[in-house]
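Listing of structure_39.csv, CSV, N, CA and C atoms
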chain,number,residue,atom,x,y,z
A,1,MET,N,27.5,217.0,134.0
A,1,MET,CA,28.0,217.9,132.9
A,1,MET,C,28.3,217.1,131.7
A,2,LYS,N,27.8,217.5,130.6
A,2,LYS,CA,28.0,216.8,129.3
A,2,LYS,C,29.4,217.1,128.7
A,3,ARG,N,30.1,216.1,128.3
A,3,ARG,CA,31.4,216.3,127.7
A,3,ARG,C,31.2,216.5,126.2
A,4,VAL,N,31.9,217.5,125.7
A,4,VAL,CA,31.9,217.8,124.3
A,4,VAL,C,33.1,217.2,123.7
A,5,ILE,N,32.9,216.4,122.6
A,5,ILE,CA,34.0,215.8,121.9
A,5,ILE,C,34.2,216.6,120.6
A,6,PRO,N,35.4,217.1,120.5
A,6,PRO,CA,35.6,217.9,119.3
A,6,PRO,C,35.6,217.1,118.0
A,7,LEU,N,35.4,217.8,116.9
A,7,LEU,CA,35.3,217.2,115.6
A,7,LEU,C,36.7,216.8,115.2
A,8,ILE,N,36.9,215.5,114.8
A,8,ILE,CA,38.2,215.0,114.5
A,8,ILE,C,38.0,214.4,113.1
A,9,VAL,N,39.0,214.6,112.2
A,9,VAL,CA,39.0,214.1,110.9
A,9,VAL,C,40.2,213.2,110.7
A,10,LEU,N,40.0,212.0,110.3
A,10,LEU,CA,41.1,211.0,110.1
A,10,LEU,C,41.0,210.6,108.6
A,11,MET,N,42.1,210.6,107.9
A,11,MET,CA,42.1,210.2,106.5
A,11,MET,C,42.8,208.9,106.4
A,12,LEU,N,42.2,208.0,105.6
A,12,LEU,CA,42.8,206.7,105.3
A,12,LEU,C,42.7,206.5,103.8
A,13,VAL,N,43.6,205.9,103.2
A,13,VAL,CA,43.6,205.6,101.8
A,13,VAL,C,43.4,204.1,101.7
A,14,VAL,N,42.4,203.6,101.1
A,14,VAL,CA,42.0,202.2,101.0
A,14,VAL,C,42.0,201.8,99.5
A,15,SER,N,42.7,200.7,99.3
A,15,SER,CA,42.7,200.2,97.9
A,15,SER,C,41.9,198.9,97.9
A,16,ALA,N,40.6,199.0,97.6
A,16,ALA,CA,39.8,197.8,97.6
A,16,ALA,C,40.3,196.8,96.6
A,17,GLY,N,40.4,195.6,97.2
A,17,GLY,CA,40.9,194.5,96.4
A,17,GLY,C,42.4,194.4,96.3
A,18,SER,N,43.1,195.2,97.1
A,18,SER,CA,44.6,195.1,97.1
A,18,SER,C,45.1,194.0,98.0
A,19,VAL,N,46.4,193.7,98.1
A,19,VAL,CA,46.9,192.6,98.9
A,19,VAL,C,47.5,193.0,100.2
A,20,TYR,N,47.1,194.1,100.8
A,20,TYR,CA,47.7,194.5,102.0
A,20,TYR,C,47.2,193.6,103.2
A,21,ALA,N,48.0,193.4,104.2
A,21,ALA,CA,47.6,192.6,105.3
A,21,ALA,C,47.8,193.4,106.6
A,22,ASP,N,46.8,193.3,107.5
A,22,ASP,CA,46.8,194.0,108.8
A,22,ASP,C,47.0,195.5,108.5
A,23,VAL,N,46.2,196.1,107.7
A,23,VAL,CA,46.3,197.5,107.4
A,23,VAL,C,45.4,198.2,108.4
A,24,TYR,N,46.1,199.2,109.0
A,24,TYR,CA,45.3,200.1,109.9
A,24,TYR,C,46.0,201.4,110.0
A,25,MET,N,45.3,202.4,110.5
A,25,MET,CA,45.8,203.8,110.5
A,25,MET,C,45.5,204.3,111.9
A,26,THR,N,46.6,204.9,112.5
A,26,THR,CA,46.4,205.5,113.8
A,26,THR,C,46.8,207.0,113.7
A,27,LYS,N,45.9,207.9,114.2
A,27,LYS,CA,46.2,209.3,114.2
A,27,LYS,C,45.9,209.9,115.5
A,28,LYS,N,46.8,210.9,115.9
A,28,LYS,CA,46.5,211.7,117.1
A,28,LYS,C,45.7,212.9,116.7
A,29,ALA,N,44.7,213.2,117.5
A,29,ALA,CA,43.8,214.3,117.3
A,29,ALA,C,43.6,215.0,118.6
A,30,GLY,N,44.4,216.0,118.9
A,30,GLY,CA,44.3,216.7,120.2
A,30,GLY,C,44.7,215.7,121.3
A,31,ASP,N,43.8,215.5,122.3
A,31,ASP,CA,44.0,214.6,123.4
A,31,ASP,C,43.5,213.2,123.0
A,32,TYR,N,43.1,212.9,121.8
A,32,TYR,CA,42.5,211.7,121.4
A,32,TYR,C,43.4,210.9,120.4
A,33,THR,N,43.3,209.6,120.4
A,33,THR,CA,44.0,208.8,119.4
A,33,THR,C,42.9,208.0,118.7
A,34,VAL,N,42.9,208.0,117.4
A,34,VAL,CA,41.9,207.3,116.6
A,34,VAL,C,42.6,206.2,115.8
A,35,THR,N,42.2,205.0,115.9
A,35,THR,CA,42.7,203.9,115.2
A,35,THR,C,41.6,203.3,114.3
A,36,ALA,N,41.8,203.0,113.1
A,36,ALA,CA,40.8,202.4,112.2
A,36,ALA,C,41.4,201.3,111.4
A,37,ALA,N,40.6,200.3,111.2
A,37,ALA,CA,41.1,199.2,110.3
A,37,ALA,C,39.9,198.4,109.8
A,38,PHE,N,40.0,197.8,108.7
A,38,PHE,CA,39.0,196.9,108.2
A,38,PHE,C,39.1,195.6,108.9
A,39,GLU,N,37.9,195.0,109.2
A,39,GLU,CA,37.8,193.8,109.9
A,39,GLU,C,38.6,192.7,109.2
A,40,LYS,N,38.5,192.6,107.9
A,40,LYS,CA,39.2,191.7,107.1
A,40,LYS,C,40.0,192.4,106.1
A,41,THR,N,41.2,191.9,105.9
A,41,THR,CA,42.1,192.5,104.8
A,41,THR,C,42.5,191.4,103.9
A,42,PRO,N,42.6,191.7,102.6
A,42,PRO,CA,42.4,193.0,102.0
A,42,PRO,C,40.9,193.3,102.0
A,43,SER,N,40.7,194.6,101.9
A,43,SER,CA,39.3,195.1,101.7
A,43,SER,C,38.9,194.6,100.3
A,44,VAL,N,37.6,194.5,100.1
A,44,VAL,CA,37.0,194.0,98.8
A,44,VAL,C,36.0,195.0,98.2
A,45,VAL,N,35.8,194.8,96.9
A,45,VAL,CA,34.7,195.5,96.3
A,45,VAL,C,33.4,195.0,96.9
A,46,GLY,N,32.6,195.9,97.4
A,46,GLY,CA,31.4,195.5,98.1
A,46,GLY,C,31.4,195.9,99.6
A,47,GLU,N,30.8,195.1,100.4
A,47,GLU,CA,30.6,195.4,101.8
A,47,GLU,C,31.9,195.1,102.6
A,48,ASN,N,32.3,196.1,103.4
A,48,ASN,CA,33.5,195.9,104.3
A,48,ASN,C,33.1,196.5,105.6
A,49,TYR,N,33.6,195.9,106.7
A,49,TYR,CA,33.3,196.4,108.1
A,49,TYR,C,34.5,197.1,108.6
A,50,LEU,N,34.4,198.4,108.9
A,50,LEU,CA,35.4,199.2,109.5
A,50,LEU,C,35.3,199.3,111.0
A,51,LEU,N,36.4,198.9,111.6
A,51,LEU,CA,36.5,199.0,113.1
A,51,LEU,C,37.3,200.2,113.5
A,52,ILE,N,36.7,200.9,114.5
A,52,ILE,CA,37.3,202.2,114.9
A,52,ILE,C,37.4,202.2,116.4
A,53,LYS,N,38.6,202.6,116.9
A,53,LYS,CA,38.8,202.7,118.4
A,53,LYS,C,39.3,204.1,118.6
A,54,ILE,N,38.7,204.7,119.6
A,54,ILE,CA,39.0,206.1,120.0
A,54,ILE,C,39.4,206.0,121.5
A,55,THR,N,40.6,206.5,121.8
A,55,THR,CA,41.1,206.6,123.2
A,55,THR,C,41.4,208.0,123.6
A,56,ASN,N,41.2,208.3,124.9
A,56,ASN,CA,41.6,209.6,125.4
A,56,ASN,C,43.0,209.7,125.8
A,57,LYS,N,43.4,210.8,126.4
A,57,LYS,CA,44.9,211.1,126.6
A,57,LYS,C,45.5,210.1,127.6
A,58,VAL,N,44.8,209.4,128.4
A,58,VAL,CA,45.4,208.4,129.3
A,58,VAL,C,45.2,206.9,128.8
A,59,GLY,N,44.7,206.8,127.5
A,59,GLY,CA,44.5,205.5,126.9
A,59,GLY,C,43.3,204.8,127.1
A,60,GLN,N,42.3,205.4,127.8
A,60,GLN,CA,41.0,204.8,128.1
A,60,GLN,C,40.1,204.9,126.8
A,61,PRO,N,39.3,203.9,126.5
A,61,PRO,CA,38.4,204.0,125.4
A,61,PRO,C,37.3,205.0,125.6
A,62,VAL,N,37.0,205.7,124.5
A,62,VAL,CA,35.9,206.7,124.5
A,62,VAL,C,34.7,205.9,123.9
A,63,THR,N,33.7,205.7,124.7
A,63,THR,CA,32.6,204.9,124.3
A,63,THR,C,31.3,205.6,124.1
A,64,ASP,N,31.3,206.9,124.3
A,64,ASP,CA,30.0,207.7,124.2
A,64,ASP,C,30.0,208.7,123.1
A,65,ALA,N,30.8,208.5,122.1
A,65,ALA,CA,30.9,209.4,121.0
A,65,ALA,C,29.8,209.1,119.9
A,66,LYS,N,29.4,210.1,119.2
A,66,LYS,CA,28.6,209.9,118.0
A,66,LYS,C,29.6,209.9,116.8
A,67,VAL,N,29.8,208.8,116.2
A,67,VAL,CA,30.9,208.7,115.1
A,67,VAL,C,30.2,208.5,113.8
A,68,SER,N,30.6,209.4,112.8
A,68,SER,CA,30.1,209.3,111.5
A,68,SER,C,31.3,209.2,110.5
A,69,ILE,N,31.1,208.6,109.4
A,69,ILE,CA,32.1,208.3,108.4
A,69,ILE,C,31.7,208.8,107.0
A,70,LYS,N,32.6,209.5,106.3
A,70,LYS,CA,32.4,209.8,104.9
A,70,LYS,C,33.5,209.1,104.2
A,71,TYR,N,33.2,208.4,103.1
A,71,TYR,CA,34.3,207.9,102.3
A,71,TYR,C,34.0,208.2,100.8
A,72,TYR,N,35.1,208.5,100.2
A,72,TYR,CA,35.0,209.0,98.8
A,72,TYR,C,36.2,208.6,98.0
A,73,MET,N,36.0,208.7,96.6
A,73,MET,CA,37.0,208.5,95.7
A,73,MET,C,37.0,209.7,94.7
A,74,THR,N,38.1,210.3,94.5
A,74,THR,CA,38.2,211.5,93.7
A,74,THR,C,38.0,211.1,92.2
A,75,ALA,N,37.6,212.0,91.4
A,75,ALA,CA,37.5,211.8,89.9
A,75,ALA,C,38.9,211.5,89.4
A,76,GLN,N,39.0,210.6,88.5
A,76,GLN,CA,40.3,210.3,87.9
A,76,GLN,C,40.6,211.1,86.7
A,77,ARG,N,41.7,211.8,86.6
A,77,ARG,CA,42.0,212.7,85.5
A,77,ARG,C,42.2,212.0,84.2
A,78,GLN,N,42.7,210.8,84.3
A,78,GLN,CA,43.0,210.0,83.1
A,78,GLN,C,41.7,209.5,82.4
A,79,SER,N,40.6,209.5,83.1
A,79,SER,CA,39.4,209.0,82.6
A,79,SER,C,38.2,210.0,82.8
A,80,THR,N,37.6,210.3,81.7
A,80,THR,CA,36.4,211.2,81.9
A,80,THR,C,35.2,210.4,82.3
A,81,GLN,N,35.3,209.1,82.3
A,81,GLN,CA,34.2,208.2,82.7
A,81,GLN,C,34.2,207.8,84.2
A,82,MET,N,35.2,208.3,85.0
A,82,MET,CA,35.4,208.0,86.4
A,82,MET,C,35.1,209.2,87.2
A,83,PRO,N,33.8,209.5,87.6
A,83,PRO,CA,33.4,210.7,88.3
A,83,PRO,C,33.8,210.5,89.8
A,84,TYR,N,33.7,211.6,90.5
A,84,TYR,CA,33.8,211.6,92.0
A,84,TYR,C,32.7,210.8,92.6
A,85,MET,N,33.0,209.9,93.6
A,85,MET,CA,32.0,209.1,94.3
A,85,MET,C,32.1,209.3,95.7
A,86,GLU,N,31.0,209.4,96.4
A,86,GLU,CA,31.0,209.6,97.9
A,86,GLU,C,29.8,208.9,98.5
A,87,SER,N,30.1,208.4,99.7
A,87,SER,CA,29.0,207.8,100.5
A,87,SER,C,29.3,208.1,102.0
A,88,SER,N,28.4,207.8,102.9
A,88,SER,CA,28.6,208.0,104.3
A,88,SER,C,27.9,206.9,105.1
A,89,ALA,N,28.3,206.8,106.4
A,89,ALA,CA,27.8,205.8,107.3
A,89,ALA,C,27.9,206.3,108.7
A,90,ASP,N,27.0,205.8,109.6
A,90,ASP,CA,27.1,206.1,111.0
A,90,ASP,C,27.7,204.9,111.6
A,91,ALA,N,28.7,205.1,112.5
A,91,ALA,CA,29.2,203.9,113.2
A,91,ALA,C,28.4,203.6,114.5
A,92,GLU,N,28.3,202.4,114.8
A,92,GLU,CA,27.6,202.0,116.0
A,92,GLU,C,28.6,201.4,117.1
A,93,ALA,N,28.3,201.6,118.3
A,93,ALA,CA,29.2,201.1,119.4
A,93,ALA,C,29.3,199.6,119.2
A,94,SER,N,30.6,199.1,119.4
A,94,SER,CA,30.9,197.7,119.2
A,94,SER,C,32.0,197.4,120.2
A,95,GLY,N,31.7,196.7,121.4
A,95,GLY,CA,32.7,196.5,122.4
A,95,GLY,C,33.3,197.8,122.9
A,96,SER,N,34.6,197.9,122.9
A,96,SER,CA,35.2,199.2,123.4
A,96,SER,C,35.5,200.1,122.3
A,97,GLY,N,34.8,199.9,121.2
A,97,GLY,CA,35.0,200.8,120.0
A,97,GLY,C,33.8,201.0,119.2
A,98,TYR,N,33.9,201.2,117.9
A,98,TYR,CA,32.8,201.4,117.0
A,98,TYR,C,33.0,200.6,115.8
A,99,GLY,N,31.9,200.4,115.0
A,99,GLY,CA,32.0,199.7,113.8
A,99,GLY,C,31.0,200.2,112.8
A,100,ALA,N,31.3,200.1,111.5
A,100,ALA,CA,30.4,200.6,110.4
A,100,ALA,C,30.6,199.8,109.2
A,101,LYS,N,29.6,199.5,108.5
A,101,LYS,CA,29.6,198.9,107.2
A,101,LYS,C,29.8,199.9,106.1
A,102,LEU,N,30.9,199.7,105.3
A,102,LEU,CA,31.1,200.6,104.1
A,102,LEU,C,31.0,199.7,102.9
A,103,ASN,N,30.3,200.2,101.9
A,103,ASN,CA,30.1,199.5,100.6
A,103,ASN,C,31.0,200.2,99.6
A,104,LEU,N,32.1,199.6,99.3
A,104,LEU,CA,33.1,200.1,98.3
A,104,LEU,C,32.7,199.6,96.9
A,105,PRO,N,32.2,200.4,96.0
A,105,PRO,CA,31.7,200.0,94.7
A,105,PRO,C,32.7,199.6,93.7
A,106,MET,N,34.0,200.0,93.9
A,106,MET,CA,35.0,199.6,93.0
A,106,MET,C,36.4,199.7,93.6
A,107,LYS,N,37.4,199.1,92.9
A,107,LYS,CA,38.8,199.1,93.4
A,107,LYS,C,39.3,200.5,93.2
A,108,GLY,N,40.3,200.8,94.0
A,108,GLY,CA,41.0,202.1,93.9
A,108,GLY,C,41.2,202.7,95.2
A,109,PRO,N,41.8,204.0,95.2
A,109,PRO,CA,42.1,204.7,96.4
A,109,PRO,C,40.8,205.3,97.0
A,110,TRP,N,40.4,204.9,98.1
A,110,TRP,CA,39.3,205.4,98.8
A,110,TRP,C,39.8,206.2,100.0
A,111,TYR,N,39.3,207.4,100.2
A,111,TYR,CA,39.6,208.2,101.3
A,111,TYR,C,38.5,208.1,102.4
A,112,ILE,N,38.9,207.9,103.6
A,112,ILE,CA,37.9,207.7,104.7
A,112,ILE,C,38.1,208.8,105.7
A,113,VAL,N,37.0,209.6,106.0
A,113,VAL,CA,37.0,210.6,107.0
A,113,VAL,C,36.1,210.2,108.1
A,114,ILE,N,36.7,210.2,109.3
A,114,ILE,CA,36.0,209.8,110.5
A,114,ILE,C,35.8,211.1,111.4
A,115,LYS,N,34.6,211.3,111.7
A,115,LYS,CA,34.2,212.5,112.6
A,115,LYS,C,33.5,212.0,113.8
A,116,PHE,N,33.9,212.7,114.9
A,116,PHE,CA,33.2,212.5,116.2
A,116,PHE,C,33.2,213.7,117.0

Re-express the file's structure as structure tokens.
Amino acid sequence: MKRVIPLIVLMLVVSAGSVYADVYMTKKAGDYTVTAAFEKTPSVVGENYLLIKITNKVGQPVTDAKVSIKYYMTAQRQSTQMPYMESSADAEASGSGYGAKLNLPMKGPWYIVIKF
């Protein structure tokens, strides 16, 4: 019997180039817990590797999910030259979790949506 994993959305705010250390976000989503963090902090303008761990209600890793990521920055009201930016990536299995490369083209608040 094939298990169906519901769609889960996790929001993270990332400030590329900021001085945060050990930044991660954990969210409950039904019977699942999703934790996401960048491999190195602070995140930088350019390539960043996002680590994702999904566990079920008893704390066991979920390793058979199809995980996709959308990340975006909203348009800035103060600047007509700063439009909405969006990109996406598919995460690949990595150990007992998942990983994906995100290319952040500039500093600022990036919203990350993880779906599985």

Task: For CA of Ser96 (chain A) and CA of Ser43 (chain A), the interatomic separation in Å (one decimal) - done: 22.5 Å

- [ ] Give me the residues within 7 Å of Lys101 (chain A) as a VMD selection string, counting only C-alpha atoms and dropping any in the same chain fewer than 4 places off.
- [x] chain A and resid 47 to 50

Let's have the selection written as a compact mmCIF listing (two decimals), in the frame of the given file, with N, CA and C atoms.
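Output contents, as saved in again_12.txt:
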# COMPACT_ATOMS: atom_id res chain seq x y z
N GLU A 47 30.80 195.10 100.40
CA GLU A 47 30.60 195.40 101.80
C GLU A 47 31.90 195.10 102.60
N ASN A 48 32.30 196.10 103.40
CA ASN A 48 33.50 195.90 104.30
C ASN A 48 33.10 196.50 105.60
N TYR A 49 33.60 195.90 106.70
CA TYR A 49 33.30 196.40 108.10
C TYR A 49 34.50 197.10 108.60
N LEU A 50 34.40 198.40 108.90
CA LEU A 50 35.40 199.20 109.50
C LEU A 50 35.30 199.30 111.00

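With all atoms listed in the file as the atoms that count, the minimum distance from Val62 (chain A) to the choices A:Gly97, A:Gly108, A:Pro83, A:Gly46 is reached by A:Gly97.
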
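Closest approach to Val45 (chain A) among A:Val23, A:Leu104, A:Ala65, A:Met85 is made by A:Leu104 (distances from only N, CA and C atoms).
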
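Residue neighbourhood of region 90-93 of chain A, excluding near-sequence residues (fewer than 2 positions): A:Val67, A:Ser68, A:Gly97, A:Tyr98, A:Gly99, A:Ala100, at 6 Å, using only C-alpha atoms.
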
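You will find CA of Thr26 (chain A) at 24.7 Å from CA of Pro105 (chain A).
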
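We find CA of Val34 (chain A) and CA of Ser88 (chain A) to be spaced 18.1 Å apart.
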
TODO: For Ala36 (chain A), please output as JSON, numbers by chain all residues within 6 Å (counting only N, CA and C atoms; exclusion window: fewer than 4 positions along the same chain).
DONE: {"A": [23, 24, 25, 26, 51, 52, 53]}

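The smallest atom-to-atom distance between Tyr111 (chain A) and any of A:Met73, A:Val44, A:Ala29, A:Val58, using only C-alpha atoms, is found for A:Met73.
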
Open item on the list: Just want the 6.5 Å neighbourhood of Lys70 (chain A), counted on all atoms listed in the file, with same-chain residues fewer than 6 positions away dropped. Output as a PyMOL selection string.
Closed with: chain A and resi 87-89+111-115

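Closest to Tyr72 (chain A) among A:Phe38, A:Tyr84, A:Tyr32, A:Phe116 is A:Tyr84, based on only N, CA and C atoms.
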
- [ ] From the DSSP assignment of the backbone, select every residue of region 14-100 of chain A that is strand (DSSP E or B), and format the answer as number ranges by chain.
- [x] A: 14-15, 24-29, 32-38, 46-55, 61, 68-73, 85-90, 92-94, 97-100
